[in-house]
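S.K.: Have a look at this one.
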Amino acid sequence: MAAADLTQAEYWNGEAGRRWASHQATFDGVFAPLTERLFAGADLHPGETVLDIGCGAGATTLRAAEAVGPSGRVTAVDVSAPLLAATAERVAARPAGGGAIALVEADAQTHAFARGAFDRVISRFGIMFFDESVAAFTNLHAALRPGGRLAILCWRTLAENAWIAHPLDLVRSLVPEPAPTPPDAPGPFRFAEPERLSGILAVAGFRDIAFTPVDEVLVLGRSDSGEARAAAEAAAAFSLDLGPASRLVRDQPPEIRDQAFARVQADFEARARDGAVRLAAACWLVTAVR
Ligand SMILES: C[S@@+](CC[C@H](N)C(=O)[O-])C[C@H]1O[C@@H](n2cnc3c(N)ncnc32)[C@H](O)[C@@H]1O
């Protein structure tokens, strides 16, 4: 079945969830500068209770548990069983000293969270996939204590995210153009324009809603020996096997996939500097208060 025909739960419990779970270390490495910005905005303190929405393979969950310390608590929610299983493994292997972690396999839109129980709601790219965004953010608003804060990251436009747009442009002439999705359909760029999410948050009851642009350069591939070719190979593999551009080439015949890989690798090799391929990423850090 095409990805567009799947429900979000089916999508994240299928191939996409397994891909994110088995390559969590690569995703976490590439997104590291963005994660720093999320945590700077979330401003977590020892003893706090945190709800991590769409926690995926748990990088932000572990980081939040470390920040709140042994007197704090993190509840991590995701619809994806494979991603939660990856989080559970990492939680079991973590060093002692962090806050308690509870993992919940549930839809964050409708799950009955304890009301007013959380000091913070955080999410790294986990809030753009709700079917009913107003209902979902109303539910998250009710989970926060009065004065509690939301801090989430979502992508700005595709054009501002060269780390996705550039490899897509390189392969576009080789593969059929994907069908356009309605602007409010669940997907990575759904909240690229702040007006839409800002309106949803206001209707859900949030105040002090702020959108801070986050611009970082992501390292898509690196070579320890400093070799441009090896860095380009790693970056092309990230772009075409794992990242958002991969959906265009994944179902293509092997010869098209090989041509796409060769084209992206050659371009990345030419732009590699100091053994790394770097491209720009642009997000919103969205903060709001209950
Ligand atoms: C782009 S991934 C981000 C994962 C993780 N936060 C990270 O940064 O690595 C989106 C995540 O949101 C989860 N998700 C999508 N819809 C959800 C929902 N309604 N409730 C809970 N989780 C959801 C997916 O299963 C997936 O793990």
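By order of appearance in the structure tokens: chains A, B, ..., then residues from 1 within every chain, and ligands from 1 in the order shown.
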As an NGL selection string, please: all residues of region 17-254 of chain A that backbone DSSP puts in strand (DSSP E).
M.R.: :A and (49-53 or 73-78 or 100-105 or 118-124 or 144-155 or 207-222)
S.K.: For Ala25 (chain A), list every protein, DNA or RNA residue within 12 Å, evaluated using only C-alpha atoms, and leave out those in the same chain fewer than 3 positions away; present the list as a list in words.
M.R.: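 Listed by chain and then number, they are Arg19, Trp20, Ala21, Ser22, Asp28, Gly29, Val30, Phe31, Ala32, Gly56, Ala57, Gly58, Ala59, Ala86, Thr87, Arg90, Phe238 and Leu242 of chain A.
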S.K.: For Ala67 (chain A), which residue out of A:Ala93, A:Asp251, A:Gly98, A:Ala202 is the nearest one, using only C-alpha atoms?
M.R.: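 Comparing A:Ala93, A:Asp251, A:Gly98, A:Ala202 against Ala67 (chain A), the winner is A:Gly98.
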S.K.: May I ask you to write as a PyMOL selection string all residues lying at most 7 Å from ligand 1, with only C-alpha atoms and all ligand atoms counted?
M.R.: chain A and resi 8-9+12+17+27-28+53-60+77-80+83+106-109+123-127+129-130
S.K.: How about saving the chosen residues, N, CA and C atoms kept, as a JSON list (two decimals), in the first residue's frame?
M.R.:
```json
[["chain", "number", "residue", "atom", "x", "y", "z"],
["A", 8, "GLN", "N", -1.71, 7.15, 10.06],
["A", 8, "GLN", "CA", -0.42, 7.48, 10.68],
["A", 8, "GLN", "C", 0.07, 6.31, 11.55],
["A", 9, "ALA", "N", -0.87, 5.66, 12.26],
["A", 9, "ALA", "CA", -0.47, 4.53, 13.11],
["A", 9, "ALA", "C", 0.09, 3.39, 12.25],
["A", 12, "TRP", "N", 3.64, 4.50, 10.89],
["A", 12, "TRP", "CA", 4.74, 4.48, 11.86],
["A", 12, "TRP", "C", 4.95, 3.11, 12.50],
["A", 17, "GLY", "N", 8.54, 3.11, 10.68],
["A", 17, "GLY", "CA", 8.90, 2.96, 12.10],
["A", 17, "GLY", "C", 10.13, 2.08, 12.27],
["A", 27, "PHE", "N", 20.01, 9.11, 12.77],
["A", 27, "PHE", "CA", 19.09, 10.26, 12.86],
["A", 27, "PHE", "C", 19.49, 11.18, 14.02],
["A", 28, "ASP", "N", 19.80, 10.57, 15.17],
["A", 28, "ASP", "CA", 20.13, 11.39, 16.34],
["A", 28, "ASP", "C", 21.40, 12.20, 16.10],
["A", 53, "ILE", "N", 6.13, 13.92, 23.31],
["A", 53, "ILE", "CA", 5.12, 13.47, 22.34],
["A", 53, "ILE", "C", 5.78, 12.98, 21.05],
["A", 54, "GLY", "N", 5.37, 11.80, 20.60],
["A", 54, "GLY", "CA", 5.97, 11.20, 19.40],
["A", 54, "GLY", "C", 7.45, 10.99, 19.65],
["A", 55, "CYS", "N", 7.75, 10.28, 20.73],
["A", 55, "CYS", "CA", 9.15, 10.20, 21.23],
["A", 55, "CYS", "C", 10.06, 9.42, 20.30],
["A", 56, "GLY", "N", 9.48, 8.65, 19.35],
["A", 56, "GLY", "CA", 10.31, 7.89, 18.43],
["A", 56, "GLY", "C", 11.22, 6.94, 19.18],
["A", 57, "ALA", "N", 12.49, 6.91, 18.79],
["A", 57, "ALA", "CA", 13.44, 5.97, 19.39],
["A", 57, "ALA", "C", 14.06, 6.52, 20.68],
["A", 58, "GLY", "N", 13.52, 7.60, 21.22],
["A", 58, "GLY", "CA", 13.80, 7.95, 22.61],
["A", 58, "GLY", "C", 14.96, 8.90, 22.90],
["A", 59, "ALA", "N", 15.58, 9.50, 21.89],
["A", 59, "ALA", "CA", 16.71, 10.39, 22.17],
["A", 59, "ALA", "C", 16.30, 11.52, 23.11],
["A", 60, "THR", "N", 15.15, 12.14, 22.81],
["A", 60, "THR", "CA", 14.72, 13.28, 23.63],
["A", 60, "THR", "C", 14.21, 12.81, 24.99],
["A", 77, "VAL", "N", 5.43, 9.13, 24.80],
["A", 77, "VAL", "CA", 4.26, 8.57, 24.11],
["A", 77, "VAL", "C", 4.55, 8.43, 22.63],
["A", 78, "ASP", "N", 4.14, 7.31, 22.06],
["A", 78, "ASP", "CA", 4.26, 7.15, 20.62],
["A", 78, "ASP", "C", 3.25, 6.10, 20.14],
["A", 79, "VAL", "N", 2.79, 6.26, 18.89],
["A", 79, "VAL", "CA", 1.88, 5.26, 18.32],
["A", 79, "VAL", "C", 2.63, 4.07, 17.76],
["A", 80, "SER", "N", 3.96, 4.16, 17.68],
["A", 80, "SER", "CA", 4.73, 3.15, 16.96],
["A", 80, "SER", "C", 5.35, 2.12, 17.90],
["A", 83, "LEU", "N", 9.24, 1.72, 17.34],
["A", 83, "LEU", "CA", 10.03, 2.82, 17.89],
["A", 83, "LEU", "C", 10.04, 2.79, 19.41],
["A", 106, "ALA", "N", 0.45, 4.87, 22.57],
["A", 106, "ALA", "CA", -0.88, 5.48, 22.49],
["A", 106, "ALA", "C", -0.87, 6.61, 21.47],
["A", 107, "ASP", "N", -2.07, 6.99, 21.07],
["A", 107, "ASP", "CA", -2.25, 8.14, 20.20],
["A", 107, "ASP", "C", -2.34, 9.38, 21.09],
["A", 108, "ALA", "N", -1.39, 10.29, 20.94],
["A", 108, "ALA", "CA", -1.34, 11.47, 21.81],
["A", 108, "ALA", "C", -2.56, 12.38, 21.63],
["A", 109, "GLN", "N", -3.27, 12.21, 20.50],
["A", 109, "GLN", "CA", -4.46, 13.04, 20.27],
["A", 109, "GLN", "C", -5.56, 12.73, 21.26],
["A", 123, "SER", "N", 8.45, 18.00, 22.17],
["A", 123, "SER", "CA", 8.41, 17.10, 21.02],
["A", 123, "SER", "C", 9.44, 17.54, 19.99],
["A", 124, "ARG", "N", 10.19, 16.55, 19.50],
["A", 124, "ARG", "CA", 11.08, 16.81, 18.36],
["A", 124, "ARG", "C", 10.41, 16.18, 17.13],
["A", 125, "PHE", "N", 9.73, 17.00, 16.36],
["A", 125, "PHE", "CA", 9.12, 16.59, 15.09],
["A", 125, "PHE", "C", 8.05, 15.50, 15.25],
["A", 126, "GLY", "N", 7.36, 15.49, 16.39],
["A", 126, "GLY", "CA", 6.34, 14.46, 16.59],
["A", 126, "GLY", "C", 4.92, 15.00, 16.60],
["A", 127, "ILE", "N", 4.73, 16.29, 16.25],
["A", 127, "ILE", "CA", 3.38, 16.87, 16.41],
["A", 127, "ILE", "C", 2.76, 17.28, 15.07],
["A", 129, "PHE", "N", 1.64, 15.16, 12.77],
["A", 129, "PHE", "CA", 1.01, 13.99, 12.14],
["A", 129, "PHE", "C", -0.38, 13.70, 12.68],
["A", 130, "PHE", "N", -0.96, 14.66, 13.43],
["A", 130, "PHE", "CA", -2.28, 14.41, 14.01],
["A", 130, "PHE", "C", -3.36, 14.54, 12.94]]
```
S.K.: Tell me which protein, DNA and RNA residues are within 10 Å of Arg263 (chain A), counting only C-alpha atoms, leaving out same-chain ones fewer than 4 positions away, and put them as a PyMOL selection string.
M.R.: chain A and resi 167+170-171+236+257-259+267-268
S.K.: Kindly indicate which residue among A:Leu140, A:Val249, A:Val286, A:Ala235 lies nearest to Ser198 (chain A), using only C-alpha atoms for the distances.
M.R.: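 Of A:Leu140, A:Val249, A:Val286, A:Ala235, the one nearest Ser198 (chain A), counting only C-alpha atoms, is A:Val286.
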S.K.: List as number ranges by chain the protein and nucleic acid residues near Ile122 (chain A), meaning an atom at most 8 Å away when only C-alpha atoms are counted, but skip any in the same chain fewer than 3 places from it.
M.R.: A: 42, 50-53, 150-152
S.K.: Write out, as a compact mmCIF listing (two decimals), in the first residue's frame, the residues just selected, with N, CA and C atoms.
M.R.:
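part08.txt, written as the output of this step:
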```
# COMPACT_ATOMS: atom_id res chain seq x y z
N ALA A 42 13.26 24.33 25.91
CA ALA A 42 12.39 23.63 26.88
C ALA A 42 12.76 24.00 28.31
N VAL A 50 7.75 15.62 32.65
CA VAL A 50 7.82 15.97 31.23
C VAL A 50 7.04 14.94 30.43
N LEU A 51 6.29 15.43 29.44
CA LEU A 51 5.59 14.56 28.50
C LEU A 51 6.27 14.74 27.14
N ASP A 52 6.81 13.64 26.58
CA ASP A 52 7.53 13.69 25.29
C ASP A 52 6.61 13.08 24.24
N ILE A 53 6.13 13.92 23.31
CA ILE A 53 5.12 13.47 22.34
C ILE A 53 5.78 12.98 21.05
N LEU A 150 4.80 24.30 26.80
CA LEU A 150 5.00 23.44 25.63
C LEU A 150 6.26 23.94 24.92
N ALA A 151 7.14 23.02 24.47
CA ALA A 151 8.31 23.40 23.65
C ALA A 151 8.48 22.32 22.59
N ILE A 152 8.25 22.69 21.33
CA ILE A 152 8.29 21.69 20.26
C ILE A 152 9.05 22.21 19.06
```
S.K.: Measure the distance from CA of Gly226 (chain A) to CA of Val264 (chain A) in Å and round it to one decimal.
M.R.: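 Between CA of Gly226 (chain A) and CA of Val264 (chain A) the gap works out to 18.8 Å.
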S.K.: Taking a cut-off of 10 Å and counting only C-alpha atoms, can you build a table that, for each residue of region 76-189 of chain A near region 210-223 of chain A, reports the nearest atom pair and how far apart they are in Å (one decimal), sorted by chain then residue number, as JSON lines?
M.R.:
```
{"residue": "A:Ala151", "atom": "CA", "partner": "A:Ala210", "partner_atom": "CA", "distance": 9.7}
{"residue": "A:Ile152", "atom": "CA", "partner": "A:Phe211", "partner_atom": "CA", "distance": 9.8}
{"residue": "A:Leu153", "atom": "CA", "partner": "A:Val214", "partner_atom": "CA", "distance": 8.8}
{"residue": "A:Cys154", "atom": "CA", "partner": "A:Val214", "partner_atom": "CA", "distance": 9.7}
{"residue": "A:Trp155", "atom": "CA", "partner": "A:Val214", "partner_atom": "CA", "distance": 9.3}
{"residue": "A:Arg156", "atom": "CA", "partner": "A:Pro213", "partner_atom": "CA", "distance": 8.4}
{"residue": "A:Glu160", "atom": "CA", "partner": "A:Asp215", "partner_atom": "CA", "distance": 9.2}
{"residue": "A:Asn161", "atom": "CA", "partner": "A:Asp215", "partner_atom": "CA", "distance": 9.2}
{"residue": "A:Ala162", "atom": "CA", "partner": "A:Val217", "partner_atom": "CA", "distance": 9.5}
{"residue": "A:Trp163", "atom": "CA", "partner": "A:Leu218", "partner_atom": "CA", "distance": 7.4}
```
S.K.: Counting only C-alpha atoms, which residues of region 92-133 of chain A sit at most 7 Å from some atom of region 72-76 of chain A, and what is each one's closest atom pair with its distance in Å to one decimal, listed by chain and rising residue number, as a Markdown table?
M.R.:
```
| residue | atom | partner | partner_atom | distance |
| --- | --- | --- | --- | --- |
| A:Gly99 | CA | A:Gly72 | CA | 4.8 |
| A:Ala100 | CA | A:Arg73 | CA | 4.7 |
| A:Ile101 | CA | A:Val74 | CA | 4.8 |
| A:Ala102 | CA | A:Thr75 | CA | 4.7 |
| A:Leu103 | CA | A:Ala76 | CA | 4.9 |
| A:Val104 | CA | A:Ala76 | CA | 6.1 |
```
S.K.: Would you output that residue set with N, CA, C and O atoms, as an mmCIF file, in the first residue's frame?
M.R.:
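Result file is result-v4.cif:
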```cif
data_model
loop_
_atom_site.group_PDB
_atom_site.id
_atom_site.type_symbol
_atom_site.label_atom_id
_atom_site.label_comp_id
_atom_site.auth_asym_id
_atom_site.auth_seq_id
_atom_site.Cartn_x
_atom_site.Cartn_y
_atom_site.Cartn_z
ATOM 1 N N GLY A 99 15.852 10.667 35.703
ATOM 2 C CA GLY A 99 14.474 10.568 36.188
ATOM 3 C C GLY A 99 13.808 9.282 35.741
ATOM 4 O O GLY A 99 14.271 8.630 34.791
ATOM 5 N N ALA A 100 12.693 8.937 36.415
ATOM 6 C CA ALA A 100 11.916 7.754 36.027
ATOM 7 C C ALA A 100 11.336 7.978 34.629
ATOM 8 O O ALA A 100 10.992 9.113 34.271
ATOM 9 N N ILE A 101 11.251 6.889 33.851
ATOM 10 C CA ILE A 101 10.698 6.999 32.493
ATOM 11 C C ILE A 101 9.549 6.005 32.347
ATOM 12 O O ILE A 101 9.704 4.818 32.642
ATOM 13 N N ALA A 102 8.392 6.508 31.899
ATOM 14 C CA ALA A 102 7.257 5.627 31.574
ATOM 15 C C ALA A 102 7.034 5.692 30.065
ATOM 16 O O ALA A 102 7.002 6.791 29.499
ATOM 17 N N LEU A 103 6.908 4.531 29.424
ATOM 18 C CA LEU A 103 6.674 4.499 27.974
ATOM 19 C C LEU A 103 5.213 4.124 27.723
ATOM 20 O O LEU A 103 4.706 3.152 28.296
ATOM 21 N N VAL A 104 4.556 4.885 26.874
ATOM 22 C CA VAL A 104 3.126 4.669 26.627
ATOM 23 C C VAL A 104 2.907 4.528 25.125
ATOM 24 O O VAL A 104 3.204 5.460 24.367
#
```
S.K.: Restricting the calculation to only C-alpha atoms, which member of A:Arg278, A:Leu62, A:Arg273, A:His166 is positioned closest to Ala92 (chain A)?
M.R.: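 With only C-alpha atoms as the atom set, the closest residue is A:Leu62.
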S.K.: When DSSP works through the backbone of this structure, what residues of region 14-93 of chain A end up as helix (DSSP H, G or I), shown as a ChimeraX atom specification?
M.R.: /A:15-22,24-42,59-68,81-93
S.K.: For Ser225 (chain A), which of A:Pro244, A:Gly275, A:Pro33, A:Pro194 is the closest residue, counting only C-alpha atoms?
M.R.: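 Selected residue with least distance to Ser225 (chain A): A:Gly275.
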S.K.: Which one of A:Glu36, A:Glu269, A:Leu285, A:Arg115 sits closest to Pro146 (chain A) if you count only C-alpha atoms?
M.R.: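 Closest to Pro146 (chain A) of all the choices is A:Arg115.
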S.K.: My list of candidates is A:Ala266, A:Ala260, A:Ala288, A:Ala185. Which is closest to Ala245 (chain A) when distances are computed with only C-alpha atoms?
M.R.: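 The answer is A:Ala260, which sits nearest to Ala245 (chain A).
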S.K.: So what do you get for CA of Ala281 (chain A) versus CA of Glu177 (chain A), distance-wise?
M.R.: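 Taking CA of Ala281 (chain A) as the start and CA of Glu177 (chain A) as the end point, the length is 22.7 Å.
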